[in-house]
2 protein chains.
Amino acid sequence: MAVELYNDGNHICLAFYDLVDELSDHAVQSNQFLIVDAGHGALIDPGGNMTHNGLLMGMQRWLNSRNLDYILASHADPDIIGSLNKWMVTTHCQVLISRLWTRFLPHFTSGRDYSERIVGIPDQGMLVPLGECKIKAVPAHFMHSEGNFQFYDPVSKILFSGDMGTSLIDHAQAAQPVTDFDAHVDFMAPFHKRYMVANKICRFWVRMVRELDVEMIVPQHGARFEGKAMVNRFLDWIENLPCGIDLMVQDNYRAP
Amino acid sequence: MAVELYNDGNHICLAFYDLVDELSDHAVQSNQFLIVDAGHGALIDPGGNMTHNGLLMGMQRWLNSRNLDYILASHADPDIIGSLNKWMVTTHCQVLISRLWTRFLPHFTSGRDYSERIVGIPDQGMLVPLGECKIKAVPAHFMHSEGNFQFYDPVSKILFSGDMGTSLIDHAQAAQPVTDFDAHVDFMAPFHKRYMVANKICRFWVRMVRELDVEMIVPQHGARFEGKAMVNRFLDWIENLPCGIDLMVQDNYRAP
């Protein structure tokens, strides 16, 4: 079942938390998102092959897939966009992704040339017109991917934060907002320390996010942060976390 | 046509340079590799959907695909392992990849559970028994992927270096070894500055590689470095290159 993160009748934000069964699929739990504005839709990080059919069917209640204008991809990992070939075949949407990855996406597809439907987002980000609103693709490079974007919706004030804010929990827990931040840290810390590239970059990101009007941070794995107080708890935490190369030493680079 | 990088009758290293037509496929040029030892084989970074059929057919002259023991994946990008589902269906091999990515690979597959054939390489690397030899999976984390391995073959003394040493050139040029290092830098520098994560990490890697007996560095995109003199030219260059987060400032993180 999709969770309605926002719905004012004209503008709707949906999260799909249960399309990956992390136990029987042996795959990392992941969330998929749909924004609908004035009858036009954008999927954010629609996921791998196992989520395509469920998402295509599940979204029809809110959007006819003929009106799917975009797939917005934070980066090019399999859990983000592994289903690309299926979406190219079953819809007419464009896919927007960092310019660093546009020439890697054809390695996902087969049989046809879809390059005219693959649009590169420049490093500084861009505004994406959707229905009557404009979604902001905001830079999130090296968190974790080298060419990485998050998507800020100025209507709902939701920041779809990709891997930033990930917690590794099951899909039932993931569908609930975080209520106890201190207890939640245990589910976030190992991932952020190893998959986020450096604290320097986290701090750049936090300063950018503090200048946006963010009511909710919704990551692609695990649970969301609702309300400005909880958003700030997360920003304060990640701003001070050593991670990635900060923790690497020569001993991590020895031939076995 | 495959290029024989090494062949002593029992141990063979092959490179496939022409399975991606970077012009008509609109995809980044990429190389695929096959190591055969005593009749057993391992593919390194077999690539996306467009390379599967050509590689499966092309390798038969040297190896019956029933004897393909492994796919060795440097990381989980589509140009590395986008064809995973096809290899799972058409062969019996295991796929070895960083433990960071084992639970992401099922997002590439569909229809069946292949988790028992997906083996995680621990962060410190491992020895991979192949025929009568042992291939070394050596740590290359953050170059570029957070969980990243290169594969060193102690028989041929070849280091299959994944994205490290990449040059963005066409497939005909890629099949030739580098002869003029200074001229070659122009084809490498933009990629390494943006896709490699930090000079700190490059330096750790260079120190590790200098302790191995490397006769050839063979990257997954572009041309190879043959002979210790040319290998050292590359090591000297990358050791001193600021890259990735070294070059990022707050202005790279501004909402549009």
# chains A, B, ... in the order shown; residues from 1 in each chain; ligands from 1
>>> calpha_fit_and_write(fixed="chain A", moving="chain B", output="PDB file with C-alpha atoms, in the first residue's frame")
ATOM      1  CA  MET B   1      -0.045   0.000  -0.033  1.00  0.00           C
ATOM      2  CA  ALA B   2       1.232   3.442  -0.903  1.00  0.00           C
ATOM      3  CA  VAL B   3       1.628   5.999   1.889  1.00  0.00           C
ATOM      4  CA  GLU B   4       0.332   9.489   1.092  1.00  0.00           C
ATOM      5  CA  LEU B   5       3.058  11.864   2.268  1.00  0.00           C
ATOM      6  CA  TYR B   6       1.120  14.866   0.951  1.00  0.00           C
ATOM      7  CA  ASN B   7      -2.208  15.378  -0.845  1.00  0.00           C
ATOM      8  CA  ASP B   8      -3.959  18.693  -1.463  1.00  0.00           C
ATOM      9  CA  GLY B   9      -6.135  17.329  -4.280  1.00  0.00           C
ATOM     10  CA  ASN B  10      -3.958  18.786  -7.041  1.00  0.00           C
ATOM     11  CA  HIS B  11      -0.501  17.840  -5.782  1.00  0.00           C
ATOM     12  CA  ILE B  12       0.185  14.394  -4.343  1.00  0.00           C
ATOM     13  CA  CYS B  13       3.345  12.751  -2.983  1.00  0.00           C
ATOM     14  CA  LEU B  14       3.286   8.998  -2.534  1.00  0.00           C
ATOM     15  CA  ALA B  15       5.785   6.581  -1.021  1.00  0.00           C
ATOM     16  CA  PHE B  16       5.865   2.853  -1.750  1.00  0.00           C
ATOM     17  CA  TYR B  17       7.544   1.015   1.109  1.00  0.00           C
ATOM     18  CA  ASP B  18       6.570  -2.618   0.555  1.00  0.00           C
ATOM     19  CA  LEU B  19       7.459  -3.507  -3.047  1.00  0.00           C
ATOM     20  CA  VAL B  20      10.762  -5.122  -2.034  1.00  0.00           C
ATOM     21  CA  ASP B  21      10.430  -8.041   0.350  1.00  0.00           C
ATOM     22  CA  GLU B  22      13.921  -7.766   1.803  1.00  0.00           C
ATOM     23  CA  LEU B  23      13.720 -11.266   3.316  1.00  0.00           C
ATOM     24  CA  SER B  24      12.494 -13.407   0.433  1.00  0.00           C
ATOM     25  CA  ASP B  25      14.154 -11.208  -2.184  1.00  0.00           C
ATOM     26  CA  HIS B  26      17.547 -11.163  -0.354  1.00  0.00           C
ATOM     27  CA  ALA B  27      17.725  -7.529  -1.440  1.00  0.00           C
ATOM     28  CA  VAL B  28      18.197  -4.276   0.412  1.00  0.00           C
ATOM     29  CA  GLN B  29      14.880  -2.697   1.436  1.00  0.00           C
ATOM     30  CA  SER B  30      14.121   0.307  -0.746  1.00  0.00           C
ATOM     31  CA  ASN B  31      11.412   2.921  -1.188  1.00  0.00           C
ATOM     32  CA  GLN B  32       9.951   4.301  -4.413  1.00  0.00           C
ATOM     33  CA  PHE B  33       8.198   7.662  -4.802  1.00  0.00           C
ATOM     34  CA  LEU B  34       5.618   9.253  -7.066  1.00  0.00           C
ATOM     35  CA  ILE B  35       4.874  12.979  -7.324  1.00  0.00           C
ATOM     36  CA  VAL B  36       1.698  13.973  -9.176  1.00  0.00           C
ATOM     37  CA  ASP B  37       0.907  17.583 -10.017  1.00  0.00           C
ATOM     38  CA  ALA B  38      -2.131  18.606 -12.080  1.00  0.00           C
ATOM     39  CA  GLY B  39      -2.363  15.129 -13.555  1.00  0.00           C
ATOM     40  CA  HIS B  40       1.314  14.828 -14.526  1.00  0.00           C
ATOM     41  CA  GLY B  41       3.660  12.462 -12.746  1.00  0.00           C
ATOM     42  CA  ALA B  42       7.292  11.853 -11.872  1.00  0.00           C
ATOM     43  CA  LEU B  43       8.686   8.715 -10.287  1.00  0.00           C
ATOM     44  CA  ILE B  44      11.727   9.127  -8.052  1.00  0.00           C
ATOM     45  CA  ASP B  45      14.170   6.191  -7.879  1.00  0.00           C
ATOM     46  CA  PRO B  46      11.739   3.545  -9.175  1.00  0.00           C
ATOM     47  CA  GLY B  47      14.088   0.696  -8.257  1.00  0.00           C
ATOM     48  CA  GLY B  48      15.179  -2.612  -9.687  1.00  0.00           C
ATOM     49  CA  ASN B  49      13.461  -5.289 -11.698  1.00  0.00           C
ATOM     50  CA  MET B  50      11.483  -6.658  -8.747  1.00  0.00           C
ATOM     51  CA  THR B  51       9.614  -3.391  -8.121  1.00  0.00           C
ATOM     52  CA  HIS B  52       8.583  -2.522 -11.677  1.00  0.00           C
ATOM     53  CA  ASN B  53       5.319  -4.451 -11.943  1.00  0.00           C
ATOM     54  CA  GLY B  54       4.095  -3.579  -8.453  1.00  0.00           C
ATOM     55  CA  LEU B  55       4.899   0.098  -8.936  1.00  0.00           C
ATOM     56  CA  LEU B  56       3.361   0.304 -12.415  1.00  0.00           C
ATOM     57  CA  MET B  57       0.137  -1.265 -11.126  1.00  0.00           C
ATOM     58  CA  GLY B  58       0.155   0.491  -7.756  1.00  0.00           C
ATOM     59  CA  MET B  59       0.526   3.979  -9.230  1.00  0.00           C
ATOM     60  CA  GLN B  60      -2.529   3.734 -11.545  1.00  0.00           C
ATOM     61  CA  ARG B  61      -4.941   4.763  -8.799  1.00  0.00           C
ATOM     62  CA  TRP B  62      -3.261   8.186  -8.734  1.00  0.00           C
ATOM     63  CA  LEU B  63      -1.791   8.520 -12.217  1.00  0.00           C
ATOM     64  CA  ASN B  64      -2.401   7.002 -15.614  1.00  0.00           C
ATOM     65  CA  SER B  65       1.057   5.846 -16.654  1.00  0.00           C
ATOM     66  CA  ARG B  66       0.555   7.622 -20.005  1.00  0.00           C
ATOM     67  CA  ASN B  67       0.987  10.827 -17.989  1.00  0.00           C
ATOM     68  CA  LEU B  68       4.249   9.765 -16.406  1.00  0.00           C
ATOM     69  CA  ASP B  69       6.514  12.567 -17.656  1.00  0.00           C
ATOM     70  CA  TYR B  70       9.736  11.652 -15.822  1.00  0.00           C
ATOM     71  CA  ILE B  71      11.805   9.215 -13.925  1.00  0.00           C
ATOM     72  CA  LEU B  72      14.063  11.240 -11.613  1.00  0.00           C
ATOM     73  CA  ALA B  73      17.089   9.135 -10.697  1.00  0.00           C
ATOM     74  CA  SER B  74      19.365  10.134  -7.826  1.00  0.00           C
ATOM     75  CA  HIS B  75      22.180   8.070  -9.352  1.00  0.00           C
ATOM     76  CA  ALA B  76      22.747   4.894 -11.374  1.00  0.00           C
ATOM     77  CA  ASP B  77      22.762   2.047  -8.829  1.00  0.00           C
ATOM     78  CA  PRO B  78      20.656  -1.065  -9.500  1.00  0.00           C
ATOM     79  CA  ASP B  79      18.268  -0.425  -6.583  1.00  0.00           C
ATOM     80  CA  ILE B  80      17.645   3.057  -8.060  1.00  0.00           C
ATOM     81  CA  ILE B  81      17.176   2.433 -11.753  1.00  0.00           C
ATOM     82  CA  GLY B  82      17.841  -1.267 -12.490  1.00  0.00           C
ATOM     83  CA  SER B  83      14.320  -1.469 -13.970  1.00  0.00           C
ATOM     84  CA  LEU B  84      15.104   1.205 -16.585  1.00  0.00           C
ATOM     85  CA  ASN B  85      14.576  -1.047 -19.591  1.00  0.00           C
ATOM     86  CA  LYS B  86      11.083  -2.026 -18.382  1.00  0.00           C
ATOM     87  CA  TRP B  87      10.075   1.622 -17.824  1.00  0.00           C
ATOM     88  CA  MET B  88      11.402   2.590 -21.264  1.00  0.00           C
ATOM     89  CA  VAL B  89       9.246  -0.167 -22.805  1.00  0.00           C
ATOM     90  CA  THR B  90       6.059   0.358 -20.768  1.00  0.00           C
ATOM     91  CA  THR B  91       5.915   4.192 -20.633  1.00  0.00           C
ATOM     92  CA  HIS B  92       6.915   7.257 -22.657  1.00  0.00           C
ATOM     93  CA  CYS B  93       8.714   9.070 -19.832  1.00  0.00           C
ATOM     94  CA  GLN B  94      12.103  10.748 -19.929  1.00  0.00           C
ATOM     95  CA  VAL B  95      14.730   9.768 -17.366  1.00  0.00           C
ATOM     96  CA  LEU B  96      16.710  12.568 -15.698  1.00  0.00           C
ATOM     97  CA  ILE B  97      20.031  11.677 -14.105  1.00  0.00           C
ATOM     98  CA  SER B  98      23.407  13.338 -13.482  1.00  0.00           C
ATOM     99  CA  ARG B  99      25.369  14.059 -16.660  1.00  0.00           C
ATOM    100  CA  LEU B 100      28.040  11.808 -15.186  1.00  0.00           C
ATOM    101  CA  TRP B 101      25.800   8.777 -15.760  1.00  0.00           C
ATOM    102  CA  THR B 102      23.826   9.396 -18.958  1.00  0.00           C
ATOM    103  CA  ARG B 103      26.249   7.314 -21.034  1.00  0.00           C
ATOM    104  CA  PHE B 104      26.175   4.509 -18.461  1.00  0.00           C
ATOM    105  CA  LEU B 105      22.382   4.051 -18.584  1.00  0.00           C
ATOM    106  CA  PRO B 106      22.309   2.377 -22.038  1.00  0.00           C
ATOM    107  CA  HIS B 107      24.134  -0.545 -20.373  1.00  0.00           C
ATOM    108  CA  PHE B 108      20.825  -1.234 -18.538  1.00  0.00           C
ATOM    109  CA  THR B 109      18.751  -1.365 -21.711  1.00  0.00           C
ATOM    110  CA  SER B 110      18.572  -3.762 -24.601  1.00  0.00           C
ATOM    111  CA  GLY B 111      17.047  -3.959 -28.047  1.00  0.00           C
ATOM    112  CA  ARG B 112      16.450  -0.262 -28.711  1.00  0.00           C
ATOM    113  CA  ASP B 113      18.196   3.073 -28.551  1.00  0.00           C
ATOM    114  CA  TYR B 114      16.570   5.158 -25.809  1.00  0.00           C
ATOM    115  CA  SER B 115      19.235   7.852 -25.702  1.00  0.00           C
ATOM    116  CA  GLU B 116      16.827  10.624 -26.742  1.00  0.00           C
ATOM    117  CA  ARG B 117      14.772   9.944 -23.584  1.00  0.00           C
ATOM    118  CA  ILE B 118      17.818  10.168 -21.274  1.00  0.00           C
ATOM    119  CA  VAL B 119      18.436  13.740 -20.067  1.00  0.00           C
ATOM    120  CA  GLY B 120      21.574  14.768 -18.189  1.00  0.00           C
ATOM    121  CA  ILE B 121      21.248  17.001 -15.126  1.00  0.00           C
ATOM    122  CA  PRO B 122      24.177  19.459 -14.981  1.00  0.00           C
ATOM    123  CA  ASP B 123      26.327  19.440 -11.836  1.00  0.00           C
ATOM    124  CA  GLN B 124      24.703  22.593 -10.457  1.00  0.00           C
ATOM    125  CA  GLY B 125      21.202  21.057 -10.566  1.00  0.00           C
ATOM    126  CA  MET B 126      18.087  22.219 -12.442  1.00  0.00           C
ATOM    127  CA  LEU B 127      14.392  22.987 -12.168  1.00  0.00           C
ATOM    128  CA  VAL B 128      12.138  20.253 -13.534  1.00  0.00           C
ATOM    129  CA  PRO B 129       8.704  21.502 -14.705  1.00  0.00           C
ATOM    130  CA  LEU B 130       5.986  19.052 -13.639  1.00  0.00           C
ATOM    131  CA  GLY B 131       2.330  19.944 -14.194  1.00  0.00           C
ATOM    132  CA  GLU B 132       2.001  23.411 -12.653  1.00  0.00           C
ATOM    133  CA  CYS B 133       5.014  23.161 -10.309  1.00  0.00           C
ATOM    134  CA  LYS B 134       8.775  22.922 -10.567  1.00  0.00           C
ATOM    135  CA  ILE B 135      10.725  20.192  -8.787  1.00  0.00           C
ATOM    136  CA  LYS B 136      14.278  21.147  -7.818  1.00  0.00           C
ATOM    137  CA  ALA B 137      17.096  18.727  -8.600  1.00  0.00           C
ATOM    138  CA  VAL B 138      19.595  19.712  -5.890  1.00  0.00           C
ATOM    139  CA  PRO B 139      23.283  18.702  -5.891  1.00  0.00           C
ATOM    140  CA  ALA B 140      24.198  15.799  -3.618  1.00  0.00           C
ATOM    141  CA  HIS B 141      27.437  14.685  -5.258  1.00  0.00           C
ATOM    142  CA  PHE B 142      29.497  12.093  -3.342  1.00  0.00           C
ATOM    143  CA  MET B 143      26.518  11.187  -1.118  1.00  0.00           C
ATOM    144  CA  HIS B 144      27.195   8.554  -2.087  1.00  0.00           C
ATOM    145  CA  SER B 145      27.536   8.582  -5.855  1.00  0.00           C
ATOM    146  CA  GLU B 146      30.000  10.976  -7.528  1.00  0.00           C
ATOM    147  CA  GLY B 147      27.188  12.415  -9.661  1.00  0.00           C
ATOM    148  CA  ASN B 148      24.186  12.467  -7.355  1.00  0.00           C
ATOM    149  CA  PHE B 149      20.985  14.479  -7.018  1.00  0.00           C
ATOM    150  CA  GLN B 150      18.191  14.812  -4.512  1.00  0.00           C
ATOM    151  CA  PHE B 151      14.752  16.132  -5.406  1.00  0.00           C
ATOM    152  CA  TYR B 152      13.072  18.936  -3.469  1.00  0.00           C
ATOM    153  CA  ASP B 153       9.364  19.513  -3.921  1.00  0.00           C
ATOM    154  CA  PRO B 154       8.527  23.138  -3.031  1.00  0.00           C
ATOM    155  CA  VAL B 155       4.776  22.420  -2.776  1.00  0.00           C
ATOM    156  CA  SER B 156       4.950  19.676  -0.139  1.00  0.00           C
ATOM    157  CA  LYS B 157       8.315  20.924   1.188  1.00  0.00           C
ATOM    158  CA  ILE B 158       9.593  17.360   1.035  1.00  0.00           C
ATOM    159  CA  LEU B 159      13.248  16.640   0.271  1.00  0.00           C
ATOM    160  CA  PHE B 160      13.580  13.233  -1.349  1.00  0.00           C
ATOM    161  CA  SER B 161      17.095  12.630  -0.128  1.00  0.00           C
ATOM    162  CA  GLY B 162      18.190   9.443  -1.892  1.00  0.00           C
ATOM    163  CA  ASP B 163      20.735   7.555   0.213  1.00  0.00           C
ATOM    164  CA  MET B 164      21.145  10.414   2.693  1.00  0.00           C
ATOM    165  CA  GLY B 165      19.203   9.488   5.847  1.00  0.00           C
ATOM    166  CA  THR B 166      19.078   5.793   4.966  1.00  0.00           C
ATOM    167  CA  SER B 167      18.198   3.381   7.763  1.00  0.00           C
ATOM    168  CA  LEU B 168      18.513  -0.378   7.343  1.00  0.00           C
ATOM    169  CA  ILE B 169      15.233  -1.653   8.788  1.00  0.00           C
ATOM    170  CA  ASP B 170      12.421  -3.847   7.477  1.00  0.00           C
ATOM    171  CA  HIS B 171       9.723  -2.492   5.190  1.00  0.00           C
ATOM    172  CA  ALA B 172       7.039  -2.368   7.889  1.00  0.00           C
ATOM    173  CA  GLN B 173       9.238  -0.174  10.107  1.00  0.00           C
ATOM    174  CA  ALA B 174      10.327   1.867   7.089  1.00  0.00           C
ATOM    175  CA  ALA B 175       6.730   2.951   6.430  1.00  0.00           C
ATOM    176  CA  GLN B 176       6.559   4.690   9.823  1.00  0.00           C
ATOM    177  CA  PRO B 177       8.176   8.087  10.483  1.00  0.00           C
ATOM    178  CA  VAL B 178      11.086   8.240  12.917  1.00  0.00           C
ATOM    179  CA  THR B 179       9.828   9.006  16.427  1.00  0.00           C
ATOM    180  CA  ASP B 180      12.863   8.297  18.634  1.00  0.00           C
ATOM    181  CA  PHE B 181      15.884   9.836  16.923  1.00  0.00           C
ATOM    182  CA  ASP B 182      18.469   8.588  19.414  1.00  0.00           C
ATOM    183  CA  ALA B 183      17.299   4.992  19.035  1.00  0.00           C
ATOM    184  CA  HIS B 184      17.192   5.415  15.264  1.00  0.00           C
ATOM    185  CA  VAL B 185      20.898   6.336  15.028  1.00  0.00           C
ATOM    186  CA  ASP B 186      21.908   2.676  15.404  1.00  0.00           C
ATOM    187  CA  PHE B 187      20.084   1.826  12.160  1.00  0.00           C
ATOM    188  CA  MET B 188      21.737   4.697  10.260  1.00  0.00           C
ATOM    189  CA  ALA B 189      25.306   4.950  11.526  1.00  0.00           C
ATOM    190  CA  PRO B 190      26.989   1.895   9.908  1.00  0.00           C
ATOM    191  CA  PHE B 191      25.574   2.765   6.489  1.00  0.00           C
ATOM    192  CA  HIS B 192      26.507   6.447   6.596  1.00  0.00           C
ATOM    193  CA  LYS B 193      30.021   5.766   7.904  1.00  0.00           C
ATOM    194  CA  ARG B 194      30.821   3.416   5.025  1.00  0.00           C
ATOM    195  CA  TYR B 195      28.743   4.646   2.063  1.00  0.00           C
ATOM    196  CA  MET B 196      28.951   8.442   2.526  1.00  0.00           C
ATOM    197  CA  VAL B 197      32.234   9.725   1.174  1.00  0.00           C
ATOM    198  CA  ALA B 198      33.461  12.385   3.623  1.00  0.00           C
ATOM    199  CA  ASN B 199      32.291  14.687   6.394  1.00  0.00           C
ATOM    200  CA  LYS B 200      33.464  17.703   4.355  1.00  0.00           C
ATOM    201  CA  ILE B 201      30.752  16.934   1.811  1.00  0.00           C
ATOM    202  CA  CYS B 202      28.082  16.253   4.425  1.00  0.00           C
ATOM    203  CA  ARG B 203      28.726  19.718   5.858  1.00  0.00           C
ATOM    204  CA  PHE B 204      28.316  21.382   2.445  1.00  0.00           C
ATOM    205  CA  TRP B 205      25.037  19.515   2.056  1.00  0.00           C
ATOM    206  CA  VAL B 206      23.745  20.472   5.519  1.00  0.00           C
ATOM    207  CA  ARG B 207      24.409  24.163   4.872  1.00  0.00           C
ATOM    208  CA  MET B 208      22.474  23.962   1.602  1.00  0.00           C
ATOM    209  CA  VAL B 209      19.534  22.118   3.166  1.00  0.00           C
ATOM    210  CA  ARG B 210      19.272  24.581   6.057  1.00  0.00           C
ATOM    211  CA  GLU B 211      18.552  27.295   3.464  1.00  0.00           C
ATOM    212  CA  LEU B 212      15.645  25.323   1.995  1.00  0.00           C
ATOM    213  CA  ASP B 213      12.206  25.199   3.696  1.00  0.00           C
ATOM    214  CA  VAL B 214      12.174  21.470   4.466  1.00  0.00           C
ATOM    215  CA  GLU B 215       9.255  19.890   6.354  1.00  0.00           C
ATOM    216  CA  MET B 216      10.204  16.290   5.645  1.00  0.00           C
ATOM    217  CA  ILE B 217      13.333  14.345   4.638  1.00  0.00           C
ATOM    218  CA  VAL B 218      12.418  11.108   2.903  1.00  0.00           C
ATOM    219  CA  PRO B 219      15.286   8.719   2.135  1.00  0.00           C
ATOM    220  CA  GLN B 220      15.271   5.875  -0.375  1.00  0.00           C
ATOM    221  CA  HIS B 221      15.938   3.213   2.298  1.00  0.00           C
ATOM    222  CA  GLY B 222      14.197   3.110   5.652  1.00  0.00           C
ATOM    223  CA  ALA B 223      12.142   5.667   7.587  1.00  0.00           C
ATOM    224  CA  ARG B 224      11.424   9.346   6.992  1.00  0.00           C
ATOM    225  CA  PHE B 225      12.011  12.405   9.191  1.00  0.00           C
ATOM    226  CA  GLU B 226       8.799  14.432   9.639  1.00  0.00           C
ATOM    227  CA  GLY B 227       8.650  17.994  10.920  1.00  0.00           C
ATOM    228  CA  LYS B 228      11.332  20.631  11.236  1.00  0.00           C
ATOM    229  CA  ALA B 229      12.445  19.457  14.679  1.00  0.00           C
ATOM    230  CA  MET B 230      13.195  15.930  13.446  1.00  0.00           C
ATOM    231  CA  VAL B 231      14.731  17.246  10.222  1.00  0.00           C
ATOM    232  CA  ASN B 232      17.110  19.331  12.316  1.00  0.00           C
ATOM    233  CA  ARG B 233      18.001  16.366  14.506  1.00  0.00           C
ATOM    234  CA  PHE B 234      19.163  14.573  11.377  1.00  0.00           C
ATOM    235  CA  LEU B 235      21.057  17.590  10.013  1.00  0.00           C
ATOM    236  CA  ASP B 236      22.838  18.084  13.350  1.00  0.00           C
ATOM    237  CA  TRP B 237      23.838  14.423  13.432  1.00  0.00           C
ATOM    238  CA  ILE B 238      25.186  14.051   9.903  1.00  0.00           C
ATOM    239  CA  GLU B 239      26.997  17.401  10.095  1.00  0.00           C
ATOM    240  CA  ASN B 240      29.230  15.916  12.771  1.00  0.00           C
ATOM    241  CA  LEU B 241      29.738  12.379  11.478  1.00  0.00           C
ATOM    242  CA  PRO B 242      33.183  11.325  10.224  1.00  0.00           C
ATOM    243  CA  CYS B 243      32.603   8.951   7.328  1.00  0.00           C
ATOM    244  CA  GLY B 244      33.990   7.339   4.196  1.00  0.00           C
ATOM    245  CA  ILE B 245      37.535   8.390   3.426  1.00  0.00           C
ATOM    246  CA  ASP B 246      37.803  10.174   6.797  1.00  0.00           C
ATOM    247  CA  LEU B 247      38.003   6.697   8.331  1.00  0.00           C
ATOM    248  CA  MET B 248      40.298   5.060   5.759  1.00  0.00           C
ATOM    249  CA  VAL B 249      43.987   4.436   6.482  1.00  0.00           C
ATOM    250  CA  GLN B 250      46.827   2.683   4.621  1.00  0.00           C
ATOM    251  CA  ASP B 251      45.912  -0.617   6.317  1.00  0.00           C
ATOM    252  CA  ASN B 252      42.634  -0.611   4.373  1.00  0.00           C
ATOM    253  CA  TYR B 253      44.744  -0.790   1.207  1.00  0.00           C
ATOM    254  CA  ARG B 254      46.896  -3.921   1.433  1.00  0.00           C
ATOM    255  CA  ALA B 255      46.937  -6.743  -1.109  1.00  0.00           C
ATOM    256  CA  PRO B 256      45.725 -10.010   0.492  1.00  0.00           C
TER     257      PRO B 256
END
>>> select_by_dssp(residues="range 61-188 of chain A", states="alpha helix (DSSP H)", output="list in words")
Pro78, Asp79, Ile80, Ile81, Leu84, Asn85, Lys86, Trp87, Met88, Val89, Thr90, His171, Ala172, Gln173, Ala174, Phe181, Asp182, Ala183, His184, Val185, Asp186, Phe187 and Met188 of chain A
>>> write_last_selection(atoms="C-alpha atoms", output="PDB file, in the first residue's frame")
ATOM      1  CA  PRO A  78      20.665  -1.073  -9.517  1.00  0.00           C
ATOM      2  CA  ASP A  79      18.270  -0.421  -6.601  1.00  0.00           C
ATOM      3  CA  ILE A  80      17.636   3.051  -8.065  1.00  0.00           C
ATOM      4  CA  ILE A  81      17.160   2.436 -11.751  1.00  0.00           C
ATOM      5  CA  LEU A  84      15.107   1.213 -16.592  1.00  0.00           C
ATOM      6  CA  ASN A  85      14.575  -1.048 -19.598  1.00  0.00           C
ATOM      7  CA  LYS A  86      11.089  -2.013 -18.389  1.00  0.00           C
ATOM      8  CA  TRP A  87      10.078   1.627 -17.825  1.00  0.00           C
ATOM      9  CA  MET A  88      11.397   2.589 -21.271  1.00  0.00           C
ATOM     10  CA  VAL A  89       9.245  -0.158 -22.814  1.00  0.00           C
ATOM     11  CA  THR A  90       6.060   0.368 -20.768  1.00  0.00           C
ATOM     12  CA  HIS A 171       9.739  -2.488   5.181  1.00  0.00           C
ATOM     13  CA  ALA A 172       7.053  -2.368   7.892  1.00  0.00           C
ATOM     14  CA  GLN A 173       9.246  -0.179  10.113  1.00  0.00           C
ATOM     15  CA  ALA A 174      10.330   1.871   7.086  1.00  0.00           C
ATOM     16  CA  PHE A 181      15.886   9.844  16.914  1.00  0.00           C
ATOM     17  CA  ASP A 182      18.473   8.596  19.414  1.00  0.00           C
ATOM     18  CA  ALA A 183      17.298   5.003  19.047  1.00  0.00           C
ATOM     19  CA  HIS A 184      17.203   5.422  15.253  1.00  0.00           C
ATOM     20  CA  VAL A 185      20.897   6.349  15.018  1.00  0.00           C
ATOM     21  CA  ASP A 186      21.904   2.695  15.408  1.00  0.00           C
ATOM     22  CA  PHE A 187      20.098   1.845  12.157  1.00  0.00           C
ATOM     23  CA  MET A 188      21.747   4.707  10.261  1.00  0.00           C
TER      24      MET A 188
END
>>> select_by_dssp(residues="range 12-95 of chain A", states="strand (DSSP E)", output="list of chain:residue names")
A:Ile12, A:Cys13, A:Leu14, A:Ala15, A:Phe16, A:Gln32, A:Phe33, A:Leu34, A:Ile35, A:Val36, A:Asp37, A:His40, A:Gly41, A:Ala42, A:Leu43, A:Ile44, A:Leu68, A:Asp69, A:Tyr70, A:Ile71, A:Leu72, A:Gln94, A:Val95
